[in-house]
Every structure is written in C-alpha cells, then in structure tokens.
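Worksheet: the structure to be examined is printed underneath.
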Amino acid sequence: MKGLTHFIVGLTAAAMIPESVRAAASGNPLYLLLGGIFGLLPDTLDFKFYRFFYRHDIEVMPDPDKPDARMIADAVAHAVNKAWSTGSCVKIKLGTVRKGADLWQRYSIRFDVREKRVTVAYGPIVDTGGNPATDAVATKGPSATAALACDITLDYEAETTVDIFDGPLLRMTPTPDGPVRIEFIPWHRDWSHSLTVGAVFGLAGAALWNPLAGTVIFLAYAMHALADQMGFMGVNFFYPFRRGRRPGFGLMRSTEAWPNFATVWLCCLLIFWSLAQNTAGTEFRPGLVRLIIGAGVMPVVVFLLADRLMRGKQNLKRTVEPQRNAE
Amino acid sequence: METIFILSAAVAGTIAGCAAGCIPGFHVYNLLGVMITSFAMPDSGNLLPPLFIGMIVGWTMTAAIPSVLLAAPDESALLMVLPGQKYAGRGEGFEAAMLTAAGALLAAFLLVIPAGLLIPILLPEIRTTLRPHGYWVLWSVIAFLLLSEWPKLGTRGQGGWRRFIEGCSTPAAGILTFLMAGMLGLVLRYNPPFPPKAALHGMMPAFAGLFAVPWLLLNIVSRFQLPRQEQRSALRASGRHILRGTAAGCLGGGFAALFPGVSGGIGGLLAGHATAQRDDRVFLVSQGASRMIYYAGALLLMFLPETGYSRGTGAFLLGTFYEANGGMNDYLPALGSIAVAAALSFLLMRPLLRLTLWCVNKFGFCRISTAALSVVIGLVFVCTGFMGLLVLAAATGIGLIPVLFHSRRINCLGVILLPAALGMSELGPVVASALGIIR
C-alpha cells in the first residue's frame with residue numbers, strides 16, 4: 001500500500017476508539033497522531049533505516065553508456081549457483097541506471113522456474129514517474145539469458161523491474177529440500193512488520209503515556225501488517241518466533257490506484273462516522289451503512305460508470321481509426 | 001438588467017484575473033489587495049462578488065502558464081512544475097498547460113453542478129462535526145508530510161553507516177526546509193516586519209522566495225534553452241485521464257477547501273498519493289482541478305453564511321466590502337459567475353499561451369526568466385518595501401535547500417502549515433515567544 005494509505009489506516013484504527021476522538025475534540029490529538037505515525041512506521045523503519053544497513057555479497061552496477069544484459073544475467077545466475085554450491089545465502093544488489101537528471105534506463109530480470117534460467121531485458125528509458133520518456137511504444141533493448149545450475153523457487157513475482165532511484169536486493173537462500181529460494185528485498189516486511197515488534201512499541205507507549213496510547217500504537221501497527229498481507233509479498237507476522245515472510249493473499253498490488261483510493265476513501269468515511277458519533281454537540285449522527293452507501297458506494301459507482309463509458313469510447317475510437325486509415 | 005451587470009462584472013474580472021495569472025510570482029490575492037487598498041471600491045455590492053469570482057477563477061486557470069513554461073509557480077501550483085518542465089523540455093509545454101486547464105474547467109463545472117447544489121444541504125452538518133477536529137487534521141498532514149520524505153541517495157555501496165548518512169541527507173533536508181519555512185511563517189504571523197498598510201501582502205515575499213525565485217535563478221544560472229514548443233490542436237490525453245485526474249484533484253482541492261491551513265498544494269499532494277498516480281497527464285489534470293476547487297470552492301462558501309464557513313484570503317478580502325445575506329439570492333449568481341468565468345478563462349488559455357510562447361521565442365528563455373525575476377522583485381518591493389526584499393532573500397535561501405539536497409519542495413509549505421497548526425492548537429504565541437519572535 002502507498003504511504004498515505006497506511007497513514008490513514010492507522011489514523012482510522014485510532015479513530016475507531018471513542019476515547020481517542022473525545023480526547024481530540026477536547027484538545028488532545030495524541031492518540032490520533034500516534035495512530036497515523038505508527039500506521040506508517042513499519043515502512044519508515046524499512047526504507048529509511050534498515051535497508052541502508054543491509055549488507056550484500058554482490059553488487060551489479062550497469063554502465064549507463066554500454067547496456068550489457070549479459071553481464072547482469074550472468075551475475076544473477078552466479079549468485080544462484082553460488083548459493084546452491086556453497087549451501088549458504090548469497091545476496092545480490094541490482095543497481096539502477098541513471099541516464100539524466102530525471103531519466104532512468106529500465107531493465108527487467110525474469111526467472112524461469114521450469115526452464116531453470118534467468119533472462120535480463122533492457123526496456124525503455126523512463127522518467128522518475130516510471131513513464132516512458134519518449135513516445136516510442138516498445139523500446140526493446142538488448143536481452144540475455146543465463147542458465148541456472150539448480151532448481152529455484154520464488155517468494156515474489158517471476159519478473160522484477162529495475163528503474164528509478166534504488167534497485168532491489170535479492171537473497172538466494174538454499175533450502176534443505178534442494179531448490180534455491182529467491183527472496184525479493186528480504187529487508188522489507190520482515191521484523192519491522194511483525195506483530196511482536198508492534199506489541200513492544202505498544203508496551204513502550206503504554207509505559208510512556210497510558211494503556212490507551214499503547215492500544216492505539218499496537219492496533220495501527222497491526223493494521224499496517226494486515227494491509228500489506230493483502231498483496232503478494234507477504235509479511236513476517238511473528239518475528240523472531242518465525243523466520244521469513246508468510247506469502248501474501250495476492251488480492252492486489254501495493255501500487256495500484258484503485259485499492260489505495262478505495263481504502264483511503266473508506267477510511268475517511270469511517271473516521272467521519274466516528275467523529276460524528278463521539279463529538280459532543282453534534283446532532284448529525286449518520287448510520288454507518290447509510291454513510292458508506294451514500295458517500296462511498298454511490299460516488300464510486302458513478303465514477304466507474306463514467307470511467308467505463310470513457311473506455312468504451314476510447315476502444316471504439318481505436319477500432320474505427322485503423323479502419324478509416326485502411327480505407 | 002441586473003443579470004447583464006453581473007455577467008459583465010464576471011467577464012471583466014475574468015479578463016483581469018487571466019492577465020494577472022500570466023505574471024510570474026504574482027498572486028491574485030495581491031491584485032485584490034492592491035485594489036481594495038488603493039481604490040475606492042464601488043458601492044454596488046452585487047457587482048463585487050462576480051468581479052472577485054471572475055478574477056480568482058481566471059487567475060487560477062492561467063497561473064499554470066508561468067508555472068509550466070517558466071517554472072515560476074505560486075504555492076498551490078508547486079507540484080505541477082516538475083512534470084510541466086518535463087513537458088516543456090520535450091517541446092510540449094503548451095499541452096501541459098492545457099491539461100491543467102482542462103482539469104480546472106471540468107472541476108469548475110463539477111463545483112457548480114452537482115457539488116454546488118449539494119453543498120448547502122450537506123455542509124452545515126459536516127462542518128458541525130469537523131469543527132473541533134481541524135487542528136489535529138493539520139498536525140496529521142504535517143506528520144505525513146515529514147514522514148513521507150523519501151531518501152533518494154545512498155543507493156550505492158555496501159550497507160552501513162556511510163550509506164545511512166548519505167541516504168538520510170534527503171529526509172533531513174526536507175525536515176530542515178519545513179522547520180525553517182515554519183519559522184519564517186511564525187515571524188511573518190506574529191512579528192511581521194512590514195508597515196500595517198502592507199499587511200495584506202504579508203505572505204507575498206515569502207511565497208515568491210520559497211516557490212518562484214529558486215526556479216527562476218536555476219533557469220538563469222543553467223542557461224536552459226526552451227526547445228520550440230509544439231502547439232497541438234488536440235490533447236494527447238483520453239477522457240479517462242481527464243476523468244481520473246479531475247476526480248483526484250476534486251478530492252484534494254475539496255479537502256483543502258474544508259480544512260483551514262491546508263492549501264491547494266497540499267490538497268494536490270494528498271490526492272496524488274491517495275490515488276497512486278504515476279501518469280503525468282493524470283497528475284497535471286489533477287493539479288488544475290485541485291486548485292480550482294480550492295480557490296473557487298473556498299470563496300463559494302462565503303455565500304452560504306448559514307454554514308458559518310468562510311475560508312481563504314479571497315473570502316476575507318471580499319468580506320471587508322460585502323456581506324452575503326444567505327439563501328439562494330447570493331449563492332446562485334455566484335455559481336453562475338464561476339461557470340462563466342471558467343468557460344471564458346479556458347477560452348483565453350490558448351491565446352495567452354501563444355502570447356507567452358511568442359515572448360519566450362522572441363526574447364529567449366534566459367532573458368524571459370531574468371525579466372520574470374525582475375518583475376517578482378519589483379512587485380515585492382512595491383507591495384512590501386525594503387523589508388519585503390529581506391524576507392524574499394531569506395525565503396529564497398530556504399527555497400534553495402530542496403534544490404541542493406534533492407528533497408521535496410512541498411516542505412516549503414511549512415510557512416503556512418506550522419503557524420496555522422500552532423495557532424489552531426493555541427500554541428502559536430507560546431512557541432513564538434519561546435523562539436524570541438515576540439517578547
């Protein structure tokens with residue numbers, strides 16, 4: 001999920017406790033702010049602290065001027081083969097390729113589990129938003145394939161794209177039953193996303209402030225982990241009692257617009273409902289179902305219909321224009 | 001007959017607002033401030049609202065031109081500079097400005113129908129519920145803003161303290177920018193260095209220094225040459241891009257219009273995050289929509305006195321001469337004025353864009369940037385005097401921190417957010433006193 005989504009989910013967890021809202025209405029925003037901050041904290045710990053300390057064994061730094069898919073494919077294959085032959089983990093960091101102030105060379109790494117090989121393919125040059133910098137539709141660059149000496153299993157998707165800012169780190173972990181397990185950015189969603197760490201923060205908050213603060217902190221933290229579990233990568237809920245991430249439910253991708261928007265909007269409605277229920281002097285107390293249908297479902301349906309209508313027109317245009325050109 | 005007068009006032013205001021929008025670093029509120037301090041306002045209450053609405057809507061539409069072509073934004077257009085520059089660098093600045101205008105036009109019509117009809121019914125209830133909670137919403141925005149600063153460096157080399165320190169530089173610069181801008185905002189709020197007659201322009205030097213001048217200086221120093229700009233007759237964006245961008249922008253702008261201290265820029269930022277936008281076209285459309293909803297929507301609220309909502313400097317300035325009586329007699333002409341002004345200013349976008357591009361092609365980008373910088377400095381001096389220039393210099397220094405450290409410029413909004421949040425929490429004077437700003 002996006003940062004704002006996690007922040008608002010945490011805020012919602014806090015706002016669903018009536019005492020938090022009453023405190024906020026009387027001038028004490030502590031609990032609601034703790035909800036938002038601890039809702040975002042797991043990712044903050046990963047991306048702003050832990051990843052900088054995570055060490056790797058191999059670093060791949062492609063030359064911006066000489067695209068070399070072979071070198072990258074060989075390096076990844078070497079990491080897998082080394083993990084298999086030595087029986088110990090090998091961590092490989094894939095560097096990004098900066099082509100200008102706001103331009104990046106995109107490349108992808110695809111693992112073929114059945115054929116036991118890895119393919120690296122250069123893609124288009126993209127801007128920091130991830131959009132192709134030119135109108136050229138498929139700027140296919142060089143590609144290369146390297147064979148793997150062993151079976152592999154994946155903990156995430158088969159294809160990884162490397163483009164802007166920081167490249168991913170892959171950990172090749174040998175397993176007792178044979179194949180090497182390829183773990184995508186193993187420093188993410190591990191200890192920092194566990195309920196155990198959330199409980200520790202909750203206890204610290206209870207000691208520092210009061211039990212309500214501790215409860216809010218734990219709830220917000222747990223909601224972050226739960227929201228992330230809806231995706232593909234999964235979360236390690238019970239570090240240090242359990243090693244590795246549990247596979248996600250695969251219901252959505254964290255960067256997709258719709259799940260993020262729907263979650264944010266639903267949370268806004270829940271917060272508003274809770275404020276209306278728990279703020280003294282307010283006579284407006286909408287029912288939760290009525291509020292969600294009236295302010296949530298109905299506008300979304302209208303928007304979806306309009307969106308569908310636009311897509312229909314777009315498809316029609318795409319069909320008609322080539323026909324006209326052909327004529 | 002009265003309808004014709006109202007229409008004429010809206011049209012005159014729109015033309016003036018559109019012209020003001022093309023001046024880099026010049027905010028329509030400064031123009032309104034100059035108007036009400038320099039001229040005797042006509043004693044014809046019914047004509048002032050359409051005039052003000054026309055000016056604000058016209059300015060909101062055309063202020064995208066200097067933001068995209070010259071990278072000299074006002075506070076609420078800050079986020080459109082980077083994608084706008086990308087477009088301008090590819091010779092598509094014309095299209096980028098038109099995309100924001102398309103978002104603004106659609107948002108204006110959505111503001112009139114259906115939002116305009118729903119606001120009188122829903123807003124009083126919403127306001128009663130939200131009133132005691134505005135301050136923590138503002139603190140939440142600040143917390144999110146600071147926590148979401150992304151480390152952009154420290155991507156190479158072995159993991160350890162060296163990478164961590166390198167990686168920290170961006171978030172640290174972001175926090176520093178926010179705090180320094182916030183301090184500047186506290187000074188301007190609690191101990192403004194201007195004479196009382198310049199009070200209406202109090203934020204102008206800070207906004208110009210934080211948002212417009214750093215870009216203009218970069219334009220001049222880097223000797224950037226704007227490539228020839230293509231003037232397309234049709235936008236390369238589908239109806240879905242426009243729809244999605246407008247929906248996101250309306251949400252962000254609506255949020256900003258409802259909560260004091262949250263500006264159009266913040267609204268646009270939140271809308272972008274909420275919908276996980278990565279498409280520049282959707283983003284540009286959303287920024288246009290967000291600004292229109294923020295500026296026009298906030299002003300519209302003053303025509304519903306029964307809601308008790310009055311938001312924004314535009315409403316404050318208009319409120320010094322005009323008092324809405326409530327009911328539909330004030331509100332419906334205001335809605336009509338927004339529709340007329342939005343349509344007219346959208347029609348004026350193309351000729352004004354062409355005029356600006358003609359100037360850029362004729363005189364060169366570097367010279368135009370220098371001229372724009374001179375205009376900004378001149379305006380600050382005329383409106384706020386020598387002290388204004390000092391504030392401008394200080395604000396420019398703060399505005400250059402994000403440029404040097406690659407952090408987000410949105411942190412400069414600390415100049416509004418921090419004083420507003422402290423003020424709403426009744427902590428402003430205490431903090432200002434602790435910092436030695438007031439004795």
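Each chain in the structure tokens gets a letter, A, B and so on, in the order shown; residues start at 1 in every chain, and ligands are counted from 1 in the order they appear.
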
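Excluding B:Thr60 and any residue on its chain fewer than 4 positions from it, the residues at most 9 Å away by only C-alpha atoms are Gly17, Cys18, Gly21, Val28, Met55, Ile56, Ala64, Ala101, Ala104, Gly288, Arg291, Met292, Tyr295 and Ala296 of chain B.
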
#### Entry: Neighbour list for stretch 81-90 of chain B as a ChimeraX atom specification, cut-off 6 Å, only C-alpha atoms, skip fewer than 4 positions in-chain
/B:67-68,71,96

Query raised in the report: So which residues of stretch 27-135 of chain B fall under alpha helix (DSSP H) by DSSP, listed as a PyMOL selection string?
Result: chain B and resi 28-38+48-62+64-69+81-89+93-110+116-130+134-135

Applying 9 Å and only C-alpha atoms, which residues near A:Leu94 remain after dropping the ones on its own chain fewer than 2 positions away? List them as number ranges by chain.
A: 58-62, 72, 76, 92, 96, 162, 166-170

Next on the checklist: When you look at A:Ile164 with a cut-off of 10 Å (counting only C-alpha atoms), what residues show up, excluding the ones that are within fewer than 3 positions of it in the same chain? I need them as a VMD selection string.
Outcome noted: (chain A and resid 95 to 98 102 to 106 126 to 130 161 167) or (chain B and resid 152)

Restricted to C-alpha atoms, what would the selected residues look like written as a short mmCIF file (atom, residue, chain, number, x, y, z; two decimals), in the first residue's frame?
```
data_model
loop_
_atom_site.label_atom_id
_atom_site.label_comp_id
_atom_site.auth_asym_id
_atom_site.auth_seq_id
_atom_site.Cartn_x
_atom_site.Cartn_y
_atom_site.Cartn_z
CA GLY A 95 21.86 -1.11 -9.32
CA THR A 96 19.74 1.36 -11.21
CA VAL A 97 20.97 3.05 -14.40
CA ARG A 98 20.69 6.81 -14.35
CA ASP A 102 15.09 12.67 -14.49
CA LEU A 103 15.82 9.75 -16.79
CA TRP A 104 16.47 6.13 -15.94
CA GLN A 105 17.19 3.07 -18.02
CA ARG A 106 14.66 0.37 -17.19
CA VAL A 126 11.71 6.19 -18.19
CA ASP A 127 11.26 9.30 -16.08
CA THR A 128 11.09 9.32 -12.30
CA GLY A 129 7.34 8.76 -12.52
CA GLY A 130 8.09 5.48 -14.29
CA THR A 161 11.72 -4.42 -12.93
CA GLY A 167 17.48 -1.13 -7.25
CA LYS B 152 16.87 9.44 -2.75
#
```

Could you list, with a cut-off of 7 Å and counting only C-alpha atoms, the residues of chain B near chain A, each shown with its nearest atom pair and the distance in Å rounded to one decimal, rows sorted by chain and ascending number, as CSV?
```
residue,atom,partner,partner_atom,distance
B:Glu125,CA,A:Phe284,CA,6.0
B:Thr128,CA,A:Thr282,CA,6.2
B:Thr129,CA,A:Ala276,CA,5.5
B:Pro132,CA,A:Ala25,CA,5.3
B:His133,CA,A:Ala25,CA,5.9
B:Trp136,CA,A:Pro29,CA,5.7
B:Ser140,CA,A:Leu33,CA,6.1
B:Ser148,CA,A:Gly3,CA,6.8
B:Pro151,CA,A:Lys48,CA,6.6
B:Lys152,CA,A:Phe165,CA,6.2
B:Thr155,CA,A:Asp166,CA,5.3
B:Gln158,CA,A:Arg55,CA,5.9
B:Gly159,CA,A:Phe53,CA,4.3
B:Gly160,CA,A:Phe53,CA,4.4
B:Trp161,CA,A:Phe53,CA,6.9
B:Arg163,CA,A:Phe52,CA,5.6
B:Phe164,CA,A:Phe52,CA,5.0
B:Gly239,CA,A:Met310,CA,5.6
B:Arg240,CA,A:Met310,CA,5.7
B:His273,CA,A:Leu4,CA,6.1
B:Ala274,CA,A:Phe261,CA,5.2
B:Thr275,CA,A:Ala257,CA,4.8
B:Ala276,CA,A:Ala257,CA,4.9
B:Gln277,CA,A:Ala257,CA,6.8
B:Arg278,CA,A:Gly129,CA,5.3
B:Asp279,CA,A:Asn131,CA,6.7
```

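Atom CA of B:Ala256 lies 21.7 Å from atom CA of B:Thr177.
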
Note to self: Need the shell around A:Leu288: protein/DNA/RNA residues with any atom at most 9 Å away, counting only C-alpha atoms. Skip same-chain ones fewer than 3 positions apart. Format as a PyMOL selection string?
What the structure shows: chain A and resi 269-270+273+285+291-293

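Residues within 8 Å of B:Gly54, counting only C-alpha atoms and excluding same-chain residues fewer than 4 positions away, are Ala9, Ala10, Val11, Ala12, Gly13, Thr14, Ile15, Gly17, Pro50, Gly58, Ser337, Ile338 and Ala341 of chain B.
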
Once you have the residues from the selection above, write them out as a PDB file, in the first residue's frame, restricted to all heavy atoms.
```pdb
ATOM      1  N   ALA B   9     -19.573  42.045 -14.956  1.00  0.00           N
ATOM      2  CA  ALA B   9     -18.578  42.095 -13.882  1.00  0.00           C
ATOM      3  C   ALA B   9     -17.755  40.816 -13.864  1.00  0.00           C
ATOM      4  O   ALA B   9     -16.522  40.854 -13.699  1.00  0.00           O
ATOM      5  CB  ALA B   9     -19.278  42.297 -12.530  1.00  0.00           C
ATOM      6  N   ALA B  10     -18.442  39.670 -14.050  1.00  0.00           N
ATOM      7  CA  ALA B  10     -17.720  38.386 -14.060  1.00  0.00           C
ATOM      8  C   ALA B  10     -16.731  38.343 -15.223  1.00  0.00           C
ATOM      9  O   ALA B  10     -15.582  37.907 -15.067  1.00  0.00           O
ATOM     10  CB  ALA B  10     -18.707  37.221 -14.150  1.00  0.00           C
ATOM     11  N   VAL B  11     -17.176  38.828 -16.391  1.00  0.00           N
ATOM     12  CA  VAL B  11     -16.297  38.820 -17.574  1.00  0.00           C
ATOM     13  C   VAL B  11     -15.099  39.742 -17.360  1.00  0.00           C
ATOM     14  O   VAL B  11     -13.940  39.365 -17.624  1.00  0.00           O
ATOM     15  CB  VAL B  11     -17.099  39.232 -18.834  1.00  0.00           C
ATOM     16  CG1 VAL B  11     -16.167  39.496 -20.009  1.00  0.00           C
ATOM     17  CG2 VAL B  11     -18.111  38.151 -19.197  1.00  0.00           C
ATOM     18  N   ALA B  12     -15.362  40.950 -16.838  1.00  0.00           N
ATOM     19  CA  ALA B  12     -14.261  41.902 -16.597  1.00  0.00           C
ATOM     20  C   ALA B  12     -13.272  41.314 -15.595  1.00  0.00           C
ATOM     21  O   ALA B  12     -12.041  41.387 -15.791  1.00  0.00           O
ATOM     22  CB  ALA B  12     -14.831  43.221 -16.079  1.00  0.00           C
ATOM     23  N   GLY B  13     -13.794  40.714 -14.531  1.00  0.00           N
ATOM     24  CA  GLY B  13     -12.924  40.095 -13.525  1.00  0.00           C
ATOM     25  C   GLY B  13     -12.102  38.971 -14.118  1.00  0.00           C
ATOM     26  O   GLY B  13     -10.908  38.837 -13.829  1.00  0.00           O
ATOM     27  N   THR B  14     -12.737  38.170 -14.973  1.00  0.00           N
ATOM     28  CA  THR B  14     -12.028  37.040 -15.578  1.00  0.00           C
ATOM     29  C   THR B  14     -10.858  37.533 -16.428  1.00  0.00           C
ATOM     30  O   THR B  14      -9.749  36.983 -16.351  1.00  0.00           O
ATOM     31  CB  THR B  14     -12.996  36.223 -16.470  1.00  0.00           C
ATOM     32  OG1 THR B  14     -14.139  35.897 -15.696  1.00  0.00           O
ATOM     33  CG2 THR B  14     -12.347  34.947 -16.964  1.00  0.00           C
ATOM     34  N   ILE B  15     -11.111  38.569 -17.216  1.00  0.00           N
ATOM     35  CA  ILE B  15     -10.034  39.083 -18.088  1.00  0.00           C
ATOM     36  C   ILE B  15      -8.871  39.596 -17.234  1.00  0.00           C
ATOM     37  O   ILE B  15      -7.706  39.295 -17.496  1.00  0.00           O
ATOM     38  CB  ILE B  15     -10.582  40.174 -19.034  1.00  0.00           C
ATOM     39  CG1 ILE B  15     -11.551  39.521 -20.027  1.00  0.00           C
ATOM     40  CG2 ILE B  15      -9.465  40.883 -19.775  1.00  0.00           C
ATOM     41  CD1 ILE B  15     -12.400  40.491 -20.817  1.00  0.00           C
ATOM     42  N   GLY B  17      -8.160  38.728 -14.133  1.00  0.00           N
ATOM     43  CA  GLY B  17      -7.543  37.582 -13.454  1.00  0.00           C
ATOM     44  C   GLY B  17      -6.647  36.796 -14.393  1.00  0.00           C
ATOM     45  O   GLY B  17      -5.548  36.378 -14.010  1.00  0.00           O
ATOM     46  N   PRO B  50     -19.252  38.871  -8.354  1.00  0.00           N
ATOM     47  CA  PRO B  50     -18.859  38.298  -9.658  1.00  0.00           C
ATOM     48  C   PRO B  50     -17.502  38.795 -10.138  1.00  0.00           C
ATOM     49  O   PRO B  50     -16.764  38.048 -10.782  1.00  0.00           O
ATOM     50  CB  PRO B  50     -19.981  38.744 -10.606  1.00  0.00           C
ATOM     51  CG  PRO B  50     -20.729  39.797  -9.912  1.00  0.00           C
ATOM     52  CD  PRO B  50     -20.533  39.593  -8.457  1.00  0.00           C
ATOM     53  N   GLY B  58     -10.242  33.198 -13.137  1.00  0.00           N
ATOM     54  CA  GLY B  58      -9.366  33.482 -14.284  1.00  0.00           C
ATOM     55  C   GLY B  58      -7.903  33.285 -13.924  1.00  0.00           C
ATOM     56  O   GLY B  58      -7.139  32.653 -14.664  1.00  0.00           O
ATOM     57  N   SER B 337     -21.475  32.798 -11.904  1.00  0.00           N
ATOM     58  CA  SER B 337     -20.234  33.530 -12.205  1.00  0.00           C
ATOM     59  C   SER B 337     -19.063  32.574 -12.343  1.00  0.00           C
ATOM     60  O   SER B 337     -18.191  32.766 -13.201  1.00  0.00           O
ATOM     61  CB  SER B 337     -19.926  34.534 -11.086  1.00  0.00           C
ATOM     62  OG  SER B 337     -20.993  35.422 -10.932  1.00  0.00           O
ATOM     63  N   ILE B 338     -19.028  31.536 -11.494  1.00  0.00           N
ATOM     64  CA  ILE B 338     -17.937  30.554 -11.594  1.00  0.00           C
ATOM     65  C   ILE B 338     -17.987  29.867 -12.961  1.00  0.00           C
ATOM     66  O   ILE B 338     -16.951  29.714 -13.636  1.00  0.00           O
ATOM     67  CB  ILE B 338     -18.044  29.504 -10.459  1.00  0.00           C
ATOM     68  CG1 ILE B 338     -17.683  30.149  -9.117  1.00  0.00           C
ATOM     69  CG2 ILE B 338     -17.125  28.306 -10.730  1.00  0.00           C
ATOM     70  CD1 ILE B 338     -17.858  29.246  -7.921  1.00  0.00           C
ATOM     71  N   ALA B 341     -16.943  32.383 -15.706  1.00  0.00           N
ATOM     72  CA  ALA B 341     -15.511  32.707 -15.611  1.00  0.00           C
ATOM     73  C   ALA B 341     -14.657  31.519 -16.040  1.00  0.00           C
ATOM     74  O   ALA B 341     -13.643  31.701 -16.727  1.00  0.00           O
ATOM     75  CB  ALA B 341     -15.172  33.120 -14.179  1.00  0.00           C
TER      76      ALA B 341
END
```
